[in-house]
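Colleague: Data file work.pdb (PDB, C-alpha atoms) is appended below.
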ATOM      1  CA  MET A  16      59.462 206.534 167.070  1.00  0.00           C
ATOM      2  CA  HIS A  17      56.581 208.947 166.563  1.00  0.00           C
ATOM      3  CA  ASP A  18      53.136 208.041 167.815  1.00  0.00           C
ATOM      4  CA  PHE A  19      51.133 209.513 164.947  1.00  0.00           C
ATOM      5  CA  ASP A  20      47.896 209.259 166.923  1.00  0.00           C
ATOM      6  CA  GLU A  21      49.271 211.796 169.367  1.00  0.00           C
ATOM      7  CA  VAL A  22      50.912 214.274 166.995  1.00  0.00           C
ATOM      8  CA  GLY A  23      48.802 217.365 166.456  1.00  0.00           C
ATOM      9  CA  ILE A  24      45.840 216.285 168.590  1.00  0.00           C
ATOM     10  CA  MET A  25      44.057 219.304 169.985  1.00  0.00           C
ATOM     11  CA  LYS A  26      41.803 219.883 172.922  1.00  0.00           C
ATOM     12  CA  ASN A  27      38.300 221.004 172.085  1.00  0.00           C
ATOM     13  CA  ARG A  28      35.139 222.275 173.730  1.00  0.00           C
ATOM     14  CA  LEU A  29      32.793 220.303 171.531  1.00  0.00           C
ATOM     15  CA  LYS A  30      31.303 218.175 174.311  1.00  0.00           C
ATOM     16  CA  VAL A  31      30.570 221.242 176.472  1.00  0.00           C
ATOM     17  CA  LEU A  32      29.013 223.166 173.579  1.00  0.00           C
ATOM     18  CA  ARG A  33      26.933 220.157 172.565  1.00  0.00           C
ATOM     19  CA  ALA A  34      25.702 219.734 176.144  1.00  0.00           C
ATOM     20  CA  GLU A  35      24.765 223.427 176.305  1.00  0.00           C
ATOM     21  CA  ASN A  36      22.502 222.858 173.296  1.00  0.00           C
ATOM     22  CA  ASN A  37      21.100 219.596 174.698  1.00  0.00           C
ATOM     23  CA  TRP A  38      22.093 217.710 171.572  1.00  0.00           C
ATOM     24  CA  THR A  39      23.093 214.087 171.425  1.00  0.00           C
ATOM     25  CA  GLN A  40      26.176 213.063 169.450  1.00  0.00           C
ATOM     26  CA  GLU A  41      23.813 211.651 166.810  1.00  0.00           C
ATOM     27  CA  GLU A  42      21.925 214.967 166.504  1.00  0.00           C
ATOM     28  CA  LEU A  43      25.133 216.969 166.196  1.00  0.00           C
ATOM     29  CA  ALA A  44      26.465 214.464 163.643  1.00  0.00           C
ATOM     30  CA  GLN A  45      23.337 214.908 161.516  1.00  0.00           C
ATOM     31  CA  ARG A  46      23.598 218.692 161.675  1.00  0.00           C
ATOM     32  CA  VAL A  47      27.162 218.740 160.345  1.00  0.00           C
ATOM     33  CA  GLY A  48      26.806 215.717 158.033  1.00  0.00           C
ATOM     34  CA  VAL A  49      29.195 213.230 159.610  1.00  0.00           C
ATOM     35  CA  SER A  50      28.795 209.984 161.557  1.00  0.00           C
ATOM     36  CA  ARG A  51      28.184 209.756 165.300  1.00  0.00           C
ATOM     37  CA  GLN A  52      31.509 207.931 165.568  1.00  0.00           C
ATOM     38  CA  ALA A  53      33.294 210.933 164.061  1.00  0.00           C
ATOM     39  CA  ILE A  54      31.763 213.272 166.666  1.00  0.00           C
ATOM     40  CA  ASN A  55      32.684 210.848 169.436  1.00  0.00           C
ATOM     41  CA  ALA A  56      36.266 210.596 168.142  1.00  0.00           C
ATOM     42  CA  ILE A  57      36.587 214.394 168.048  1.00  0.00           C
ATOM     43  CA  GLU A  58      35.160 214.798 171.552  1.00  0.00           C
ATOM     44  CA  THR A  59      37.436 212.154 173.019  1.00  0.00           C
ATOM     45  CA  GLY A  60      40.517 213.620 171.296  1.00  0.00           C
ATOM     46  CA  LYS A  61      41.111 210.618 169.037  1.00  0.00           C
ATOM     47  CA  TYR A  62      40.656 212.631 165.859  1.00  0.00           C
ATOM     48  CA  ASP A  63      41.138 216.229 164.740  1.00  0.00           C
ATOM     49  CA  PRO A  64      38.447 217.349 162.274  1.00  0.00           C
ATOM     50  CA  SER A  65      39.318 218.740 158.847  1.00  0.00           C
ATOM     51  CA  LEU A  66      39.259 222.510 158.422  1.00  0.00           C
ATOM     52  CA  PRO A  67      35.869 222.479 156.569  1.00  0.00           C
ATOM     53  CA  LEU A  68      34.306 220.394 159.359  1.00  0.00           C
ATOM     54  CA  ALA A  69      35.826 222.602 162.071  1.00  0.00           C
ATOM     55  CA  ILE A  70      34.420 225.695 160.322  1.00  0.00           C
ATOM     56  CA  LYS A  71      31.015 224.001 159.998  1.00  0.00           C
ATOM     57  CA  LEU A  72      31.046 223.240 163.737  1.00  0.00           C
ATOM     58  CA  GLY A  73      32.106 226.797 164.486  1.00  0.00           C
ATOM     59  CA  LYS A  74      29.240 228.207 162.411  1.00  0.00           C
ATOM     60  CA  LEU A  75      26.765 225.847 164.043  1.00  0.00           C
ATOM     61  CA  PHE A  76      27.751 226.894 167.566  1.00  0.00           C
ATOM     62  CA  GLY A  77      28.346 230.545 166.618  1.00  0.00           C
ATOM     63  CA  LYS A  78      31.950 230.416 167.834  1.00  0.00           C
ATOM     64  CA  PRO A  79      35.248 231.068 166.072  1.00  0.00           C
ATOM     65  CA  VAL A  80      37.183 227.872 165.349  1.00  0.00           C
ATOM     66  CA  GLU A  81      40.132 228.973 167.500  1.00  0.00           C
ATOM     67  CA  GLU A  82      37.794 229.318 170.450  1.00  0.00           C
ATOM     68  CA  MET A  83      36.526 225.753 170.038  1.00  0.00           C
ATOM     69  CA  PHE A  84      39.795 224.030 169.252  1.00  0.00           C
ATOM     70  CA  LEU A  85      42.857 224.715 171.360  1.00  0.00           C
ATOM     71  CA  PRO A  86      46.362 223.241 171.072  1.00  0.00           C
ATOM     72  CA  ASP A  87      46.998 220.613 173.712  1.00  0.00           C
ATOM     73  CA  GLU A  88      50.005 221.974 175.618  1.00  0.00           C
ATOM     74  CA  GLU A  89      51.136 218.481 176.627  1.00  0.00           C
ATOM     75  CA  THR A  90      51.217 217.014 173.096  1.00  0.00           C
ATOM     76  CA  ALA A  91      52.299 220.267 171.424  1.00  0.00           C
ATOM     77  CA  ALA A  92      55.449 220.449 173.590  1.00  0.00           C
TER      78      ALA A  92
ATOM     79  CA  MET B  20      22.071 215.779 155.815  1.00  0.00           C
ATOM     80  CA  SER B  21      18.863 214.158 154.639  1.00  0.00           C
ATOM     81  CA  LYS B  22      17.572 210.890 156.007  1.00  0.00           C
ATOM     82  CA  GLY B  23      17.873 209.347 152.550  1.00  0.00           C
ATOM     83  CA  SER B  24      21.556 210.118 152.227  1.00  0.00           C
ATOM     84  CA  GLN B  25      22.150 208.702 155.717  1.00  0.00           C
ATOM     85  CA  ARG B  26      20.625 205.391 154.740  1.00  0.00           C
ATOM     86  CA  GLU B  27      22.808 205.110 151.634  1.00  0.00           C
ATOM     87  CA  PRO B  28      26.065 204.057 153.342  1.00  0.00           C
ATOM     88  CA  LYS B  29      24.227 201.300 155.238  1.00  0.00           C
ATOM     89  CA  ARG B  30      22.618 200.027 152.021  1.00  0.00           C
ATOM     90  CA  TYR B  31      25.964 199.945 150.225  1.00  0.00           C
ATOM     91  CA  SER B  32      27.656 198.140 153.104  1.00  0.00           C
ATOM     92  CA  THR B  33      24.900 195.479 152.961  1.00  0.00           C
ATOM     93  CA  TYR B  34      25.531 195.000 149.214  1.00  0.00           C
ATOM     94  CA  VAL B  35      29.279 194.813 149.883  1.00  0.00           C
ATOM     95  CA  LEU B  36      28.787 192.172 152.568  1.00  0.00           C
ATOM     96  CA  VAL B  37      26.382 190.046 150.464  1.00  0.00           C
ATOM     97  CA  LEU B  38      28.534 190.290 147.323  1.00  0.00           C
ATOM     98  CA  SER B  39      31.745 189.470 149.197  1.00  0.00           C
ATOM     99  CA  LEU B  40      30.080 186.366 150.675  1.00  0.00           C
ATOM    100  CA  LEU B  41      28.761 185.354 147.236  1.00  0.00           C
ATOM    101  CA  THR B  42      32.199 185.877 145.661  1.00  0.00           C
ATOM    102  CA  ALA B  43      33.906 183.775 148.326  1.00  0.00           C
ATOM    103  CA  GLY B  44      31.127 181.160 147.994  1.00  0.00           C
ATOM    104  CA  PHE B  45      31.511 180.874 144.201  1.00  0.00           C
ATOM    105  CA  ALA B  46      35.303 180.677 144.590  1.00  0.00           C
ATOM    106  CA  VAL B  47      34.929 177.782 147.042  1.00  0.00           C
ATOM    107  CA  VAL B  48      32.414 176.045 144.735  1.00  0.00           C
ATOM    108  CA  HIS B  49      34.842 176.510 141.837  1.00  0.00           C
ATOM    109  CA  ILE B  50      37.657 174.929 143.854  1.00  0.00           C
ATOM    110  CA  LEU B  51      35.417 171.971 144.783  1.00  0.00           C
ATOM    111  CA  LEU B  52      34.237 171.461 141.179  1.00  0.00           C
ATOM    112  CA  ARG B  53      37.783 171.192 139.851  1.00  0.00           C
ATOM    113  CA  GLY B  54      37.959 167.602 141.090  1.00  0.00           C
ATOM    114  CA  TYR B  55      34.708 166.569 139.366  1.00  0.00           C
ATOM    115  CA  TYR B  56      34.584 168.362 136.008  1.00  0.00           C
ATOM    116  CA  PRO B  57      37.296 168.965 133.391  1.00  0.00           C
ATOM    117  CA  PRO B  58      38.347 172.507 132.387  1.00  0.00           C
ATOM    118  CA  GLY B  59      35.855 174.084 129.985  1.00  0.00           C
ATOM    119  CA  HIS B  60      32.880 172.114 131.312  1.00  0.00           C
ATOM    120  CA  PRO B  61      29.662 174.219 131.124  1.00  0.00           C
ATOM    121  CA  ILE B  62      29.111 174.001 134.891  1.00  0.00           C
ATOM    122  CA  ARG B  63      32.636 175.200 135.613  1.00  0.00           C
ATOM    123  CA  LEU B  64      32.278 177.966 133.031  1.00  0.00           C
ATOM    124  CA  GLY B  65      28.965 179.033 134.570  1.00  0.00           C
ATOM    125  CA  ILE B  66      30.431 179.230 138.072  1.00  0.00           C
ATOM    126  CA  THR B  67      33.455 181.123 136.714  1.00  0.00           C
ATOM    127  CA  GLY B  68      31.119 183.610 135.036  1.00  0.00           C
ATOM    128  CA  LEU B  69      29.142 184.108 138.252  1.00  0.00           C
ATOM    129  CA  LEU B  70      32.388 184.525 140.187  1.00  0.00           C
ATOM    130  CA  VAL B  71      33.585 187.266 137.831  1.00  0.00           C
ATOM    131  CA  VAL B  72      30.212 189.062 137.842  1.00  0.00           C
ATOM    132  CA  THR B  73      29.851 189.005 141.649  1.00  0.00           C
ATOM    133  CA  PHE B  74      33.477 190.073 142.168  1.00  0.00           C
ATOM    134  CA  ALA B  75      33.097 192.966 139.684  1.00  0.00           C
ATOM    135  CA  SER B  76      29.846 193.993 141.433  1.00  0.00           C
ATOM    136  CA  PHE B  77      31.606 193.768 144.813  1.00  0.00           C
ATOM    137  CA  ILE B  78      34.338 196.161 143.593  1.00  0.00           C
ATOM    138  CA  TYR B  79      31.713 198.587 142.226  1.00  0.00           C
ATOM    139  CA  PHE B  80      29.677 198.709 145.447  1.00  0.00           C
ATOM    140  CA  PHE B  81      32.816 198.807 147.601  1.00  0.00           C
ATOM    141  CA  ALA B  82      33.968 201.915 145.713  1.00  0.00           C
ATOM    142  CA  ARG B  83      30.461 203.444 146.093  1.00  0.00           C
ATOM    143  CA  SER B  84      30.431 202.687 149.829  1.00  0.00           C
ATOM    144  CA  ILE B  85      33.858 204.339 150.259  1.00  0.00           C
ATOM    145  CA  SER B  86      32.593 207.480 148.513  1.00  0.00           C
ATOM    146  CA  THR B  87      29.726 207.814 151.016  1.00  0.00           C
ATOM    147  CA  LEU B  88      31.972 207.643 154.090  1.00  0.00           C
ATOM    148  CA  ASP B  89      32.706 210.690 156.214  1.00  0.00           C
ATOM    149  CA  GLU B  90      36.238 211.996 156.741  1.00  0.00           C
ATOM    150  CA  TYR B  91      36.859 210.013 159.929  1.00  0.00           C
ATOM    151  CA  ALA B  92      35.698 206.715 158.387  1.00  0.00           C
ATOM    152  CA  ARG B  93      37.906 207.365 155.354  1.00  0.00           C
ATOM    153  CA  GLN B  94      40.896 207.829 157.628  1.00  0.00           C
ATOM    154  CA  ILE B  95      40.105 204.500 159.267  1.00  0.00           C
ATOM    155  CA  HIS B  96      39.874 202.750 155.875  1.00  0.00           C
ATOM    156  CA  LEU B  97      43.190 204.314 154.912  1.00  0.00           C
ATOM    157  CA  PHE B  98      44.591 202.850 158.121  1.00  0.00           C
ATOM    158  CA  ALA B  99      43.222 199.410 157.087  1.00  0.00           C
ATOM    159  CA  LEU B 100      44.798 199.692 153.632  1.00  0.00           C
ATOM    160  CA  ALA B 101      48.079 200.884 155.147  1.00  0.00           C
ATOM    161  CA  ILE B 102      48.181 197.645 157.148  1.00  0.00           C
ATOM    162  CA  ALA B 103      46.847 195.423 154.348  1.00  0.00           C
ATOM    163  CA  PHE B 104      49.181 196.592 151.588  1.00  0.00           C
ATOM    164  CA  PRO B 105      52.555 195.717 153.162  1.00  0.00           C
ATOM    165  CA  LEU B 106      51.062 192.533 154.667  1.00  0.00           C
ATOM    166  CA  SER B 107      49.854 191.481 151.180  1.00  0.00           C
ATOM    167  CA  LEU B 108      53.282 192.168 149.735  1.00  0.00           C
ATOM    168  CA  ALA B 109      54.965 190.147 152.476  1.00  0.00           C
ATOM    169  CA  LEU B 110      52.478 187.298 152.043  1.00  0.00           C
ATOM    170  CA  ALA B 111      52.794 187.186 148.229  1.00  0.00           C
ATOM    171  CA  TRP B 112      56.584 187.351 148.549  1.00  0.00           C
ATOM    172  CA  ALA B 113      56.614 184.507 151.106  1.00  0.00           C
ATOM    173  CA  ILE B 114      54.265 182.351 148.988  1.00  0.00           C
ATOM    174  CA  GLY B 115      56.475 182.919 145.922  1.00  0.00           C
ATOM    175  CA  TYR B 116      59.648 181.938 147.760  1.00  0.00           C
ATOM    176  CA  PHE B 117      58.107 178.919 149.473  1.00  0.00           C
ATOM    177  CA  SER B 118      56.598 177.647 146.209  1.00  0.00           C
ATOM    178  CA  ALA B 119      60.025 178.074 144.530  1.00  0.00           C
ATOM    179  CA  GLU B 120      61.384 175.856 147.300  1.00  0.00           C
ATOM    180  CA  GLY B 121      58.753 173.259 146.398  1.00  0.00           C
ATOM    181  CA  MET B 122      56.820 173.648 149.642  1.00  0.00           C
ATOM    182  CA  LEU B 123      53.481 174.610 148.082  1.00  0.00           C
ATOM    183  CA  GLU B 124      53.295 172.052 145.322  1.00  0.00           C
ATOM    184  CA  GLY B 125      49.816 171.249 144.092  1.00  0.00           C
ATOM    185  CA  ARG B 126      48.496 174.676 145.109  1.00  0.00           C
ATOM    186  CA  ASP B 127      46.671 176.483 142.328  1.00  0.00           C
ATOM    187  CA  PRO B 128      47.960 180.064 141.733  1.00  0.00           C
ATOM    188  CA  ARG B 129      44.370 181.097 140.887  1.00  0.00           C
ATOM    189  CA  ASP B 130      43.597 180.825 144.596  1.00  0.00           C
ATOM    190  CA  LEU B 131      46.226 183.434 145.562  1.00  0.00           C
ATOM    191  CA  PRO B 132      43.703 186.347 145.592  1.00  0.00           C
ATOM    192  CA  LEU B 133      41.695 184.462 148.229  1.00  0.00           C
ATOM    193  CA  VAL B 134      44.806 184.278 150.418  1.00  0.00           C
ATOM    194  CA  LEU B 135      45.493 187.964 149.835  1.00  0.00           C
ATOM    195  CA  LEU B 136      42.063 188.826 151.227  1.00  0.00           C
ATOM    196  CA  ILE B 137      43.365 187.800 154.661  1.00  0.00           C
ATOM    197  CA  PRO B 138      45.637 190.881 155.143  1.00  0.00           C
ATOM    198  CA  TYR B 139      42.798 193.195 154.155  1.00  0.00           C
ATOM    199  CA  GLY B 140      40.549 191.329 156.586  1.00  0.00           C
ATOM    200  CA  ILE B 141      43.111 191.888 159.358  1.00  0.00           C
ATOM    201  CA  GLY B 142      43.458 195.577 158.472  1.00  0.00           C
ATOM    202  CA  TYR B 143      39.697 196.040 158.263  1.00  0.00           C
ATOM    203  CA  ALA B 144      39.116 194.262 161.601  1.00  0.00           C
ATOM    204  CA  LEU B 145      41.729 196.471 163.307  1.00  0.00           C
ATOM    205  CA  SER B 146      40.205 199.609 161.799  1.00  0.00           C
ATOM    206  CA  TRP B 147      36.693 198.481 162.733  1.00  0.00           C
ATOM    207  CA  PHE B 148      37.734 198.149 166.391  1.00  0.00           C
ATOM    208  CA  LYS B 149      39.294 201.609 166.173  1.00  0.00           C
ATOM    209  CA  TYR B 150      36.188 203.092 164.516  1.00  0.00           C
ATOM    210  CA  ARG B 151      33.630 201.649 166.928  1.00  0.00           C
TER     211      ARG B 151
END
Show me the file's structure as structure tokens.

Modeller:
Amino acid sequence: MHDFDEVGIMKNRLKVLRAENNWTQEELAQRVGVSRQAINAIETGKYDPSLPLAIKLGKLFGKPVEEMFLPDEETAA
Amino acid sequence: MSKGSQREPKRYSTYVLVLSLLTAGFAVVHILLRGYYPPGHPIRLGITGLLVVTFASFIYFFARSISTLDEYARQIHLFALAIAFPLSLALAWAIGYFSAEGMLEGRDPRDLPLVLLIPYGIGYALSWFKYR
């Protein structure tokens, strides 16, 4: 049986990038227009953002999306 | 995102909570009044009217609150509905079969929607723990 929570989950550098900017999860959430819980879920790998949100995050941090979000080798296998 | 638009979801969720409590309260009052007043009595009609108005308002504000959610919260609500829908079907099916067997005699079918709120409550509670 598939565990749908695990399928397609990616690793990301969101927490590191946020820390580099000295932003709290709440501040980052406000900047991209989502809830703090959504940011927390992305950082902890519970949720993959939609493409528009990923692009918004990429623009905010000045990084290409593929540099911020990487396939998790363990779950992708 | 402006501060105003951030407050909106909280305001809607307060309306949803108050209206759901009022709806449940009027439903309980209606059930209690059935033993005291005959059908069509002005008091019963008044409570029925209030029940319909609060329930309709609840649905309106619930829909508004869903539209203000972000993508992650919407996924969680979808998860709640995915649990609630089959549970509701199973519950309605079980109630139908048990009443056909004469095990639920005296139960008013008007109260079925109250019972069907339980699966959504379970789904919502599970999703709330996941969303925290």

Colleague: For the interface of chain A with chain B (cut-off 7 Å, counting all atoms listed in the file), please tabulate each contacting residue of chain A alongside its nearest pair of atoms and their separation in Å to one decimal, rows sorted by chain and increasing number, as a tab-separated table.

Modeller:
residue	atom	partner	partner_atom	distance
A:Gln45	CA	B:Met20	CA	5.9
A:Arg46	CA	B:Met20	CA	6.7
A:Gly48	CA	B:Met20	CA	5.2
A:Val49	CA	B:Asp89	CA	5.5
A:Ser50	CA	B:Asp89	CA	6.7
A:Gln52	CA	B:Arg151	CA	6.8
A:Ala53	CA	B:Tyr91	CA	5.5

Colleague: Compile the contact shell of Val47 in chain A as a short mmCIF file (atom, residue, chain, number, x, y, z; two decimals) with C-alpha atoms, keeping the file's coordinate frame: residues with an atom at most 10 Å away, counting all atoms listed in the file, same-chain residues fewer than 2 positions apart removed.

Modeller:
data_model
loop_
_atom_site.label_atom_id
_atom_site.label_comp_id
_atom_site.auth_asym_id
_atom_site.auth_seq_id
_atom_site.Cartn_x
_atom_site.Cartn_y
_atom_site.Cartn_z
CA GLU A 42 21.92 214.97 166.50
CA LEU A 43 25.13 216.97 166.20
CA ALA A 44 26.46 214.46 163.64
CA GLN A 45 23.34 214.91 161.52
CA VAL A 49 29.20 213.23 159.61
CA SER A 50 28.80 209.98 161.56
CA ILE A 54 31.76 213.27 166.67
CA LEU A 68 34.31 220.39 159.36
CA ALA A 69 35.83 222.60 162.07
CA LYS A 71 31.02 224.00 160.00
CA LEU A 72 31.05 223.24 163.74
CA LYS A 74 29.24 228.21 162.41
CA LEU A 75 26.76 225.85 164.04
CA MET B 20 22.07 215.78 155.82
#

Colleague: Evaluate the PyMOL selection byres ((chain B and resi 96) around 10) on the structure here and hand back the selected residues as a list in words.

Modeller: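 Against this file, the PyMOL selection byres ((chain B and resi 96) around 10) returns the residues Ile85, Leu88, Glu90, Tyr91, Ala92, Arg93, Gln94, Ile95, Leu97, Phe98, Ala99, Leu100, Ala101, Ile102, Gly142, Tyr143, Leu145, Ser146, Trp147 and Tyr150 of chain B.
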
Colleague: If you keep C-alpha atoms, can you produce a file of those selected residues as a PDB file, in the coordinates of the input?

Modeller:
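Printed below is part_10.pdb as written:
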ATOM      1  CA  ILE B  85      33.858 204.339 150.259  1.00  0.00           C
ATOM      2  CA  LEU B  88      31.972 207.643 154.090  1.00  0.00           C
ATOM      3  CA  GLU B  90      36.238 211.996 156.741  1.00  0.00           C
ATOM      4  CA  TYR B  91      36.859 210.013 159.929  1.00  0.00           C
ATOM      5  CA  ALA B  92      35.698 206.715 158.387  1.00  0.00           C
ATOM      6  CA  ARG B  93      37.906 207.365 155.354  1.00  0.00           C
ATOM      7  CA  GLN B  94      40.896 207.829 157.628  1.00  0.00           C
ATOM      8  CA  ILE B  95      40.105 204.500 159.267  1.00  0.00           C
ATOM      9  CA  LEU B  97      43.190 204.314 154.912  1.00  0.00           C
ATOM     10  CA  PHE B  98      44.591 202.850 158.121  1.00  0.00           C
ATOM     11  CA  ALA B  99      43.222 199.410 157.087  1.00  0.00           C
ATOM     12  CA  LEU B 100      44.798 199.692 153.632  1.00  0.00           C
ATOM     13  CA  ALA B 101      48.079 200.884 155.147  1.00  0.00           C
ATOM     14  CA  ILE B 102      48.181 197.645 157.148  1.00  0.00           C
ATOM     15  CA  GLY B 142      43.458 195.577 158.472  1.00  0.00           C
ATOM     16  CA  TYR B 143      39.697 196.040 158.263  1.00  0.00           C
ATOM     17  CA  LEU B 145      41.729 196.471 163.307  1.00  0.00           C
ATOM     18  CA  SER B 146      40.205 199.609 161.799  1.00  0.00           C
ATOM     19  CA  TRP B 147      36.693 198.481 162.733  1.00  0.00           C
ATOM     20  CA  TYR B 150      36.188 203.092 164.516  1.00  0.00           C
TER      21      TYR B 150
END

Colleague: What's around Asp127 in chain B at 12 Å? Count all atoms listed in the file, leave out sequence neighbours fewer than 6 positions away in its own chain, and write the answer as a list in words.

Modeller: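 Residues near the query, excluding close chain neighbours: His49, Ile50, Arg53, Ile114, Ser118, Leu133 and Val134 of chain B.
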
Colleague: In Å, how far is it from CA of Tyr62 in chain A to CA of Ile141 in chain B?

Modeller: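 Answer for the CA of Tyr62 in chain A to CA of Ile141 in chain B separation: 21.9 Å.
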
Colleague: What is the distance, in Å and to one decimal place, between CA of Ser107 in chain B and CA of Leu123 in chain B?

Modeller: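 Computed distance, CA of Ser107 in chain B to CA of Leu123 in chain B, equals 17.5 Å.
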
Colleague: I'd like to see the residues matched by the PyMOL selection byres ((chain A and resi 82) around 12) on this file, and ideally I'd get them as JSON, numbers by chain.

Modeller: {"A": [25, 26, 27, 28, 29, 32, 69, 70, 72, 73, 74, 76, 77, 78, 79, 80, 81, 83, 84, 85, 86]}

Colleague: Just give me the gap between CA of Phe104 in chain B and CA of Phe81 in chain B in Å, one decimal is fine.

Modeller: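 If I compute the distance from CA of Phe104 in chain B to CA of Phe81 in chain B, I get 17.0 Å.
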
Colleague: Taking 3 positions as the minimum chain separation for residues in the same chain, which residues sit within 6 Å of range 37-41 of chain B when counting all atoms listed in the file? Answer as a PyMOL selection string.

Modeller: chain B and resi 34+44+73+77

Colleague: Padding 8 Å on every side, please: axis-aligned box over the listed atoms of range 28-46 of chain A, centre and edge lengths to one decimal in Å, as lines of an AutoDock Vina configuration file.

Modeller:
center_x = 28.1
center_y = 217.5
center_z = 169.0
size_x = 30.0
size_y = 27.8
size_z = 31.0

Colleague: What would range 95-121 of chain B look like if you wrote it out as a CSV table (one decimal), in the first residue's frame, with C-alpha atoms included, from the block I just posted?

Modeller:
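Saved as part.csv:
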chain,number,residue,atom,x,y,z
B,95,ILE,CA,-5.9,19.4,5.2
B,96,HIS,CA,-9.6,20.2,4.7
B,97,LEU,CA,-9.7,17.9,1.7
B,98,PHE,CA,-8.2,15.3,4.0
B,99,ALA,CA,-11.0,15.9,6.5
B,100,LEU,CA,-13.6,15.6,3.8
B,101,ALA,CA,-12.0,12.4,2.4
B,102,ILE,CA,-12.4,10.8,5.8
B,103,ALA,CA,-15.8,12.3,6.5
B,104,PHE,CA,-17.5,11.3,3.2
B,105,PRO,CA,-17.0,7.5,3.4
B,106,LEU,CA,-17.7,7.5,7.1
B,107,SER,CA,-21.0,9.4,6.5
B,108,LEU,CA,-22.0,6.9,3.9
B,109,ALA,CA,-21.2,4.0,6.1
B,110,LEU,CA,-23.1,5.6,9.0
B,111,ALA,CA,-26.2,6.4,6.9
B,112,TRP,CA,-26.1,2.9,5.4
B,113,ALA,CA,-25.8,1.3,8.9
B,114,ILE,CA,-28.6,3.5,10.3
B,115,GLY,CA,-30.9,2.6,7.4
B,116,TYR,CA,-30.3,-1.1,7.8
B,117,PHE,CA,-30.6,-1.1,11.6
B,118,SER,CA,-33.9,0.9,11.4
B,119,ALA,CA,-35.2,-1.5,8.8
B,120,GLU,CA,-34.5,-4.2,11.4
B,121,GLY,CA,-36.6,-2.3,13.9
